[in-house]
$ cat coords_11.cif   # mmCIF, N, CA and C atoms
data_final
#
loop_
_atom_site.label_atom_id
_atom_site.label_comp_id
_atom_site.auth_asym_id
_atom_site.auth_seq_id
_atom_site.Cartn_x
_atom_site.Cartn_y
_atom_site.Cartn_z
N MET A 1 53.29 193.11 181.91
CA MET A 1 51.95 192.68 181.60
C MET A 1 51.96 191.18 181.32
N SER A 2 51.07 190.44 181.94
CA SER A 2 51.06 188.99 181.76
C SER A 2 50.24 188.61 180.53
N LYS A 3 50.54 187.44 180.01
CA LYS A 3 49.85 186.93 178.83
C LYS A 3 48.49 186.38 179.23
N PRO A 4 47.52 186.46 178.32
CA PRO A 4 46.22 185.84 178.62
C PRO A 4 46.39 184.34 178.87
N ALA A 5 45.51 183.77 179.65
CA ALA A 5 45.59 182.35 180.00
C ALA A 5 45.56 181.44 178.78
N THR A 6 44.94 181.89 177.69
CA THR A 6 44.84 181.04 176.51
C THR A 6 46.07 181.11 175.62
N GLU A 7 46.97 182.07 175.87
CA GLU A 7 48.16 182.21 175.04
C GLU A 7 49.28 181.35 175.63
N LEU A 8 49.86 180.52 174.79
CA LEU A 8 50.93 179.64 175.22
C LEU A 8 52.28 180.21 174.84
N SER A 9 53.28 179.95 175.66
CA SER A 9 54.64 180.37 175.36
C SER A 9 55.55 179.17 175.58
N PHE A 10 56.16 178.70 174.51
CA PHE A 10 56.98 177.49 174.60
C PHE A 10 58.47 177.80 174.60
N GLY A 11 58.87 178.86 173.94
CA GLY A 11 60.28 179.18 173.86
C GLY A 11 61.08 178.05 173.25
N GLU A 12 62.26 177.84 173.79
CA GLU A 12 63.14 176.80 173.26
C GLU A 12 62.99 175.47 173.99
N SER A 13 61.97 175.35 174.81
CA SER A 13 61.82 174.14 175.62
C SER A 13 61.16 172.98 174.88
N VAL A 14 60.59 173.26 173.70
CA VAL A 14 59.88 172.24 172.94
C VAL A 14 60.61 171.97 171.63
N ARG A 15 60.69 170.71 171.26
CA ARG A 15 61.19 170.33 169.94
C ARG A 15 60.22 169.31 169.36
N VAL A 16 59.84 169.55 168.12
CA VAL A 16 58.98 168.62 167.39
C VAL A 16 59.71 168.25 166.11
N VAL A 17 59.99 166.97 165.94
CA VAL A 17 60.65 166.47 164.74
C VAL A 17 59.59 165.80 163.88
N LEU A 18 59.45 166.30 162.66
CA LEU A 18 58.46 165.77 161.73
C LEU A 18 59.20 165.11 160.57
N VAL A 19 59.17 163.80 160.54
CA VAL A 19 59.89 163.05 159.51
C VAL A 19 58.89 162.46 158.52
N ALA A 20 59.12 162.72 157.24
CA ALA A 20 58.28 162.14 156.18
C ALA A 20 59.18 161.57 155.10
N THR A 21 59.03 160.29 154.85
CA THR A 21 59.72 159.67 153.73
C THR A 21 58.64 159.15 152.81
N GLY A 22 58.32 159.96 151.81
CA GLY A 22 57.26 159.61 150.89
C GLY A 22 57.76 159.20 149.52
N ARG A 23 59.04 159.45 149.29
CA ARG A 23 59.61 159.11 147.98
C ARG A 23 60.92 158.34 148.17
N SER A 24 61.05 157.34 147.38
CA SER A 24 62.26 156.55 147.37
C SER A 24 63.14 157.02 146.21
N LYS A 25 64.44 156.93 146.40
CA LYS A 25 65.37 157.32 145.34
C LYS A 25 65.15 156.50 144.08
N ASP A 26 64.79 155.25 144.27
CA ASP A 26 64.64 154.33 143.15
C ASP A 26 63.31 153.58 143.29
N PRO A 27 62.16 154.25 143.07
CA PRO A 27 60.87 153.63 143.37
C PRO A 27 60.55 152.37 142.57
N ASP A 28 61.10 152.24 141.38
CA ASP A 28 60.81 151.04 140.59
C ASP A 28 61.42 149.79 141.21
N GLU A 29 62.55 149.94 141.89
CA GLU A 29 63.22 148.79 142.50
C GLU A 29 63.09 148.79 144.01
N ASN A 30 62.31 149.71 144.54
CA ASN A 30 62.30 149.90 145.98
C ASN A 30 60.87 149.98 146.49
N LEU A 31 60.61 150.88 147.39
CA LEU A 31 59.31 151.01 148.03
C LEU A 31 58.42 151.98 147.25
N PRO A 32 57.14 151.70 147.17
CA PRO A 32 56.24 152.58 146.40
C PRO A 32 56.12 153.96 147.04
N PRO A 33 55.85 154.98 146.22
CA PRO A 33 55.72 156.34 146.75
C PRO A 33 54.53 156.49 147.70
N LEU A 34 54.68 157.38 148.67
CA LEU A 34 53.61 157.73 149.61
C LEU A 34 53.52 159.26 149.66
N PRO A 35 52.99 159.88 148.61
CA PRO A 35 53.00 161.34 148.55
C PRO A 35 52.22 162.01 149.67
N GLN A 36 51.26 161.33 150.25
CA GLN A 36 50.44 161.94 151.30
C GLN A 36 51.25 162.21 152.58
N VAL A 37 52.34 161.49 152.82
CA VAL A 37 53.09 161.73 154.06
C VAL A 37 53.79 163.08 154.03
N GLU A 38 54.19 163.53 152.86
CA GLU A 38 54.80 164.86 152.75
C GLU A 38 53.77 165.94 153.10
N GLU A 39 52.55 165.75 152.64
CA GLU A 39 51.49 166.70 152.97
C GLU A 39 51.16 166.66 154.46
N ASN A 40 51.21 165.47 155.07
CA ASN A 40 51.00 165.36 156.52
C ASN A 40 51.96 166.27 157.27
N VAL A 41 53.23 166.20 156.91
CA VAL A 41 54.25 167.00 157.59
C VAL A 41 54.04 168.49 157.33
N ARG A 42 53.72 168.84 156.10
CA ARG A 42 53.46 170.27 155.80
C ARG A 42 52.32 170.81 156.65
N GLN A 43 51.23 170.04 156.72
CA GLN A 43 50.07 170.51 157.48
C GLN A 43 50.33 170.51 158.99
N LEU A 44 51.01 169.50 159.49
CA LEU A 44 51.35 169.48 160.91
C LEU A 44 52.24 170.67 161.28
N ARG A 45 53.21 170.94 160.44
CA ARG A 45 54.10 172.08 160.69
C ARG A 45 53.30 173.39 160.70
N ARG A 46 52.41 173.53 159.74
CA ARG A 46 51.59 174.74 159.67
C ARG A 46 50.76 174.92 160.95
N VAL A 47 50.12 173.85 161.40
CA VAL A 47 49.29 173.91 162.61
C VAL A 47 50.14 174.19 163.84
N LEU A 48 51.28 173.53 163.94
CA LEU A 48 52.15 173.73 165.11
C LEU A 48 52.69 175.15 165.20
N GLN A 49 52.93 175.78 164.05
CA GLN A 49 53.50 177.12 164.04
C GLN A 49 52.44 178.22 163.99
N ASP A 50 51.21 177.86 163.74
CA ASP A 50 50.14 178.85 163.67
C ASP A 50 49.92 179.45 165.06
N PRO A 51 50.06 180.77 165.20
CA PRO A 51 49.91 181.39 166.51
C PRO A 51 48.50 181.28 167.08
N ASP A 52 47.52 181.01 166.23
CA ASP A 52 46.16 180.83 166.71
C ASP A 52 45.85 179.40 167.12
N VAL A 53 46.79 178.48 166.88
CA VAL A 53 46.57 177.09 167.24
C VAL A 53 47.56 176.69 168.33
N VAL A 54 48.82 176.39 167.97
CA VAL A 54 49.84 176.02 168.95
C VAL A 54 50.85 177.14 169.15
N GLY A 55 51.34 177.71 168.07
CA GLY A 55 52.21 178.86 168.17
C GLY A 55 53.68 178.58 168.44
N LEU A 56 54.18 177.44 168.00
CA LEU A 56 55.61 177.15 168.18
C LEU A 56 56.44 178.03 167.25
N GLU A 57 57.62 178.40 167.72
CA GLU A 57 58.57 179.13 166.89
C GLU A 57 59.10 178.18 165.81
N SER A 58 59.54 178.74 164.70
CA SER A 58 60.03 177.90 163.60
C SER A 58 61.23 177.06 164.02
N ASP A 59 62.05 177.56 164.94
CA ASP A 59 63.21 176.80 165.41
C ASP A 59 62.82 175.56 166.21
N SER A 60 61.62 175.55 166.73
CA SER A 60 61.17 174.43 167.55
C SER A 60 60.69 173.23 166.73
N VAL A 61 60.40 173.47 165.45
CA VAL A 61 59.90 172.41 164.59
C VAL A 61 60.98 172.04 163.58
N VAL A 62 61.33 170.76 163.56
CA VAL A 62 62.40 170.26 162.69
C VAL A 62 61.78 169.35 161.63
N PRO A 63 61.55 169.88 160.42
CA PRO A 63 61.01 169.02 159.36
C PRO A 63 62.13 168.26 158.65
N ILE A 64 61.91 166.99 158.41
CA ILE A 64 62.86 166.15 157.67
C ILE A 64 62.05 165.44 156.60
N VAL A 65 62.16 165.90 155.37
CA VAL A 65 61.32 165.37 154.29
C VAL A 65 62.19 164.73 153.21
N ASN A 66 61.96 163.45 152.98
CA ASN A 66 62.66 162.68 151.95
C ASN A 66 64.18 162.77 152.08
N GLU A 67 64.65 162.71 153.30
CA GLU A 67 66.09 162.71 153.57
C GLU A 67 66.69 161.41 153.00
N PRO A 68 67.74 161.52 152.20
CA PRO A 68 68.30 160.31 151.60
C PRO A 68 69.04 159.40 152.58
N GLU A 69 69.63 159.96 153.61
CA GLU A 69 70.48 159.16 154.49
C GLU A 69 69.84 158.88 155.84
N ALA A 70 69.77 157.62 156.22
CA ALA A 70 69.21 157.22 157.51
C ALA A 70 69.99 157.84 158.66
N SER A 71 71.31 157.93 158.53
CA SER A 71 72.12 158.49 159.62
C SER A 71 71.79 159.96 159.86
N ALA A 72 71.42 160.70 158.82
CA ALA A 72 71.04 162.11 158.98
C ALA A 72 69.72 162.22 159.74
N ILE A 73 68.79 161.33 159.46
CA ILE A 73 67.51 161.33 160.18
C ILE A 73 67.77 161.07 161.66
N ALA A 74 68.54 160.03 161.95
CA ALA A 74 68.83 159.68 163.34
C ALA A 74 69.57 160.81 164.04
N SER A 75 70.51 161.44 163.37
CA SER A 75 71.28 162.54 163.99
C SER A 75 70.40 163.74 164.30
N LYS A 76 69.49 164.08 163.39
CA LYS A 76 68.60 165.23 163.62
C LYS A 76 67.63 164.94 164.77
N ILE A 77 67.16 163.72 164.86
CA ILE A 77 66.29 163.35 165.99
C ILE A 77 67.07 163.45 167.29
N ALA A 78 68.29 162.92 167.31
CA ALA A 78 69.11 162.96 168.53
C ALA A 78 69.42 164.40 168.93
N GLN A 79 69.71 165.27 167.97
CA GLN A 79 69.99 166.67 168.27
C GLN A 79 68.78 167.36 168.88
N ALA A 80 67.62 167.17 168.28
CA ALA A 80 66.38 167.76 168.82
C ALA A 80 66.08 167.22 170.22
N ALA A 81 66.31 165.93 170.41
CA ALA A 81 66.08 165.33 171.72
C ALA A 81 66.99 165.96 172.77
N HIS A 82 68.22 166.21 172.41
CA HIS A 82 69.19 166.84 173.32
C HIS A 82 68.77 168.28 173.67
N GLU A 83 68.19 168.99 172.70
CA GLU A 83 67.82 170.39 172.89
C GLU A 83 66.51 170.58 173.65
N ALA A 84 65.62 169.61 173.60
CA ALA A 84 64.31 169.74 174.25
C ALA A 84 64.48 169.77 175.76
N ARG A 85 63.78 170.68 176.41
CA ARG A 85 63.86 170.79 177.86
C ARG A 85 62.52 170.49 178.53
N ASP A 86 61.44 170.67 177.81
CA ASP A 86 60.12 170.43 178.38
C ASP A 86 59.39 169.32 177.64
N THR A 87 59.29 169.45 176.31
CA THR A 87 58.53 168.50 175.52
C THR A 87 59.29 168.13 174.25
N LEU A 88 59.29 166.84 173.94
CA LEU A 88 59.88 166.33 172.71
C LEU A 88 58.83 165.47 172.03
N ILE A 89 58.56 165.80 170.77
CA ILE A 89 57.64 164.98 169.97
C ILE A 89 58.38 164.58 168.70
N VAL A 90 58.38 163.29 168.40
CA VAL A 90 58.96 162.79 167.16
C VAL A 90 57.83 162.09 166.41
N TYR A 91 57.57 162.58 165.20
CA TYR A 91 56.52 162.02 164.35
C TYR A 91 57.19 161.51 163.08
N TYR A 92 56.95 160.24 162.76
CA TYR A 92 57.48 159.64 161.54
C TYR A 92 56.32 159.14 160.70
N ALA A 93 56.30 159.53 159.43
CA ALA A 93 55.32 159.01 158.48
C ALA A 93 56.07 158.50 157.26
N GLY A 94 55.81 157.28 156.89
CA GLY A 94 56.48 156.67 155.75
C GLY A 94 56.42 155.16 155.88
N HIS A 95 57.30 154.51 155.15
CA HIS A 95 57.35 153.06 155.21
C HIS A 95 58.07 152.61 156.47
N GLY A 96 57.54 151.56 157.07
CA GLY A 96 58.21 150.87 158.16
C GLY A 96 58.49 149.46 157.68
N LEU A 97 59.70 148.99 157.93
CA LEU A 97 60.09 147.66 157.48
C LEU A 97 60.35 146.77 158.69
N ARG A 98 59.75 145.60 158.65
CA ARG A 98 59.92 144.66 159.74
C ARG A 98 61.37 144.17 159.81
N GLY A 99 61.84 144.07 161.01
CA GLY A 99 63.19 143.57 161.24
C GLY A 99 63.14 142.16 161.80
N ASN A 100 63.81 141.98 162.94
CA ASN A 100 63.84 140.67 163.59
C ASN A 100 63.68 140.87 165.09
N GLN A 101 63.98 139.84 165.88
CA GLN A 101 63.80 139.93 167.32
C GLN A 101 64.73 140.97 167.95
N GLU A 102 65.93 141.11 167.42
CA GLU A 102 66.87 142.09 167.95
C GLU A 102 66.48 143.52 167.60
N GLU A 103 66.05 143.74 166.38
CA GLU A 103 65.62 145.06 165.89
C GLU A 103 64.30 144.87 165.17
N PRO A 104 63.19 145.17 165.85
CA PRO A 104 61.88 144.84 165.28
C PRO A 104 61.41 145.73 164.13
N LEU A 105 61.96 146.94 163.98
CA LEU A 105 61.42 147.87 163.00
C LEU A 105 62.51 148.80 162.49
N TYR A 106 62.46 149.08 161.19
CA TYR A 106 63.34 150.07 160.57
C TYR A 106 62.46 151.12 159.91
N LEU A 107 62.79 152.38 160.15
CA LEU A 107 62.13 153.49 159.49
C LEU A 107 62.94 153.82 158.25
N CYS A 108 62.27 154.24 157.20
CA CYS A 108 62.95 154.41 155.92
C CYS A 108 63.43 155.84 155.68
N SER A 109 64.56 155.91 155.00
CA SER A 109 65.04 157.15 154.39
C SER A 109 64.74 157.01 152.90
N ALA A 110 65.05 158.04 152.13
CA ALA A 110 64.81 157.96 150.68
C ALA A 110 65.71 156.91 150.02
N ASN A 111 66.81 156.55 150.66
CA ASN A 111 67.73 155.55 150.10
C ASN A 111 67.53 154.14 150.65
N THR A 112 66.58 153.96 151.55
CA THR A 112 66.39 152.64 152.16
C THR A 112 65.85 151.66 151.12
N LYS A 113 66.47 150.50 151.11
CA LYS A 113 65.98 149.40 150.28
C LYS A 113 65.64 148.24 151.21
N TYR A 114 64.59 147.56 150.86
CA TYR A 114 64.12 146.47 151.69
C TYR A 114 65.22 145.45 151.97
N GLU A 115 65.97 145.09 150.93
CA GLU A 115 66.98 144.04 151.05
C GLU A 115 68.11 144.40 152.03
N ASN A 116 68.43 145.70 152.15
CA ASN A 116 69.53 146.07 153.05
C ASN A 116 69.07 147.05 154.11
N ARG A 117 67.85 146.87 154.60
CA ARG A 117 67.26 147.78 155.59
C ARG A 117 68.09 147.90 156.86
N LYS A 118 68.85 146.88 157.20
CA LYS A 118 69.69 146.95 158.40
C LYS A 118 70.77 148.02 158.26
N PHE A 119 71.15 148.32 157.05
CA PHE A 119 72.22 149.29 156.81
C PHE A 119 71.73 150.61 156.25
N SER A 120 70.55 150.60 155.61
CA SER A 120 70.06 151.83 154.97
C SER A 120 68.81 152.39 155.63
N GLY A 121 68.31 151.72 156.68
CA GLY A 121 67.14 152.21 157.40
C GLY A 121 67.54 152.74 158.77
N VAL A 122 66.59 153.37 159.43
CA VAL A 122 66.80 153.90 160.78
C VAL A 122 66.24 152.89 161.78
N PRO A 123 67.09 152.24 162.57
CA PRO A 123 66.56 151.30 163.56
C PRO A 123 65.70 152.04 164.57
N VAL A 124 64.51 151.55 164.81
CA VAL A 124 63.62 152.23 165.75
C VAL A 124 64.23 152.26 167.15
N SER A 125 65.08 151.32 167.46
CA SER A 125 65.74 151.33 168.78
C SER A 125 66.64 152.57 168.93
N SER A 126 67.24 153.04 167.84
CA SER A 126 68.05 154.26 167.89
C SER A 126 67.19 155.48 168.19
N VAL A 127 66.03 155.52 167.59
CA VAL A 127 65.10 156.62 167.82
C VAL A 127 64.62 156.59 169.27
N ARG A 128 64.25 155.42 169.74
CA ARG A 128 63.78 155.28 171.12
C ARG A 128 64.87 155.65 172.12
N LYS A 129 66.12 155.29 171.82
CA LYS A 129 67.23 155.64 172.72
C LYS A 129 67.43 157.14 172.76
N ALA A 130 67.41 157.80 171.60
CA ALA A 130 67.57 159.26 171.56
C ALA A 130 66.46 159.93 172.37
N ILE A 131 65.24 159.45 172.24
CA ILE A 131 64.12 160.01 173.00
C ILE A 131 64.30 159.75 174.48
N ALA A 132 64.68 158.55 174.85
CA ALA A 132 64.87 158.21 176.27
C ALA A 132 65.98 159.04 176.90
N ASP A 133 67.00 159.40 176.14
CA ASP A 133 68.13 160.18 176.66
C ASP A 133 67.84 161.67 176.74
N SER A 134 66.71 162.11 176.22
CA SER A 134 66.36 163.53 176.22
C SER A 134 66.10 164.01 177.65
N PRO A 135 66.52 165.24 177.96
CA PRO A 135 66.19 165.80 179.27
C PRO A 135 64.72 166.22 179.40
N ALA A 136 63.99 166.22 178.29
CA ALA A 136 62.58 166.62 178.33
C ALA A 136 61.77 165.60 179.14
N PRO A 137 60.99 166.05 180.11
CA PRO A 137 60.16 165.11 180.88
C PRO A 137 58.96 164.59 180.09
N LYS A 138 58.53 165.35 179.08
CA LYS A 138 57.40 164.91 178.25
C LYS A 138 57.95 164.51 176.88
N ARG A 139 57.82 163.21 176.57
CA ARG A 139 58.39 162.68 175.33
C ARG A 139 57.35 161.81 174.64
N ILE A 140 57.17 162.09 173.35
CA ILE A 140 56.15 161.38 172.58
C ILE A 140 56.75 160.91 171.27
N LEU A 141 56.51 159.66 170.92
CA LEU A 141 56.90 159.09 169.64
C LEU A 141 55.63 158.64 168.92
N ILE A 142 55.42 159.17 167.70
CA ILE A 142 54.27 158.80 166.89
C ILE A 142 54.79 158.17 165.61
N LEU A 143 54.43 156.91 165.37
CA LEU A 143 54.86 156.20 164.17
C LEU A 143 53.66 155.93 163.29
N ASP A 144 53.65 156.55 162.13
CA ASP A 144 52.58 156.37 161.16
C ASP A 144 53.15 155.56 160.01
N CYS A 145 53.33 154.26 160.27
CA CYS A 145 53.96 153.37 159.30
C CYS A 145 53.54 151.93 159.55
N CYS A 146 53.82 151.09 158.59
CA CYS A 146 53.55 149.67 158.74
C CYS A 146 54.42 149.08 159.85
N PHE A 147 53.92 148.11 160.52
CA PHE A 147 54.61 147.33 161.53
C PHE A 147 54.96 148.11 162.80
N ALA A 148 54.38 149.30 162.95
CA ALA A 148 54.64 150.10 164.15
C ALA A 148 53.96 149.48 165.36
#
$ encode --input "coords_11.cif" --output "structure tokens"
Amino acid sequence: MSKPATELSFGESVRVVLVATGRSKDPDENLPPLPQVEENVRQLRRVLQDPDVVGLESDSVVPIVNEPEASAIASKIAQAAHEARDTLIVYYAGHGLRGNQEEPLYLCSANTKYENRKFSGVPVSSVRKAIADSPAPKRILILDCCFA
């Protein structure tokens, strides 16, 4: 029996990475809190997994909320990009820190500090490379941050 035309089936071909860095490990000496970005990710995940809206399986959505290490964020994005076969969506909400001509933007982890963003932030070029290397023909990067 075939599925109705309105019912979507994505299987393992779609990966959506939802990154939210709304809290800093040391907010008094670092970046101010952005509590709304955590709610953005919660609501996006709910909508994406709701069978009456998008209906993605829980394995297809990778939430990363207030991850302390930039390398862990980059690794999870790269892993999802490798696994996607049809569609890859990477959504980042949080602080974006301006870089320089070589690296124009850094995305923040919970441990990112402005002064050492080159070492504690996620270079946007790394994210773009992981997305470009994905076998998925449909690739989307959404940056909800300053300097994007």
$ residues_near_point --input "coords_11.cif" --point "(72.0, 163.6, 174.1)" --cutoff "8 Å" --atoms "only N, CA and C atoms" --output "JSON, numbers by chain"
{"A": [78, 79, 80, 81, 82, 83, 130, 133, 134, 135]}
$ closest_residue --input "coords_11.cif" --among "A:Ala74, A:Ile142, A:Cys108, A:Val65" --to "Val127 in chain A" --atoms "all atoms listed in the file"
A:Ala74
$ residues_near_point --input "coords_11.cif" --point "(50.3, 164.3, 156.4)" --cutoff "12 Å" --atoms "only C-alpha atoms" --output "PyMOL selection string"
chain A and resi 18-22+34-47+65+91-94+144-145
$ residues_around --input "coords_11.cif" --residues "Pro123 in chain A" --least-positions-apart "4" --cutoff "8 Å" --atoms "all atoms listed in the file" --output "ChimeraX atom specification"
/A:70,74,103-108,117-119,127-129
$ closest_residue --input "coords_11.cif" --among "A:Cys146, A:Ile140, A:Leu56, A:Val61" --to "Gly96 in chain A" --atoms "all atoms listed in the file"
A:Cys146
$ axis_aligned_box --input "coords_11.cif" --around "range 144-147 of chain A" --padding-each-side "4 Å" --output "JSON"
{"center_x": 53.8, "center_y": 151.9, "center_z": 160.7, "size_x": 10.4, "size_y": 17.2, "size_z": 12.2}
$ select_by_dssp --input "coords_11.cif" --residues "chain A" --states "strand (DSSP E or B)" --output "VMD selection string"
chain A and resid 14 to 21 61 to 65 87 to 94 96 to 98 105 to 107 122 to 123 138 to 144
$ residues_around --input "coords_11.cif" --residues "Thr112 in chain A" --least-positions-apart "5" --cutoff "8 Å" --atoms "only C-alpha atoms" --output "list in words"
Ser24, Asn30, Pro68, Ala70, Arg117, Ser120 and Gly121 of chain A
$ atom_distance --input "coords_11.cif" --atom1 "atom N of Pro137 in chain A" --atom2 "CA of Ala84 in chain A"
7.7 Å
$ select_by_dssp --input "coords_11.cif" --residues "chain A" --states "alpha helix (DSSP H)" --output "number ranges by chain"
A: 35-49, 70-83, 117-120, 124-132
$ resolve_selection --input "coords_11.cif" --expression "the PyMOL selection byres ((chain A and resi 87) around 5)" --output "list in words"
Ser13, Val14, Arg15, Arg85, Asp86, Leu88, Ile89, Ala136 and Lys138 of chain A
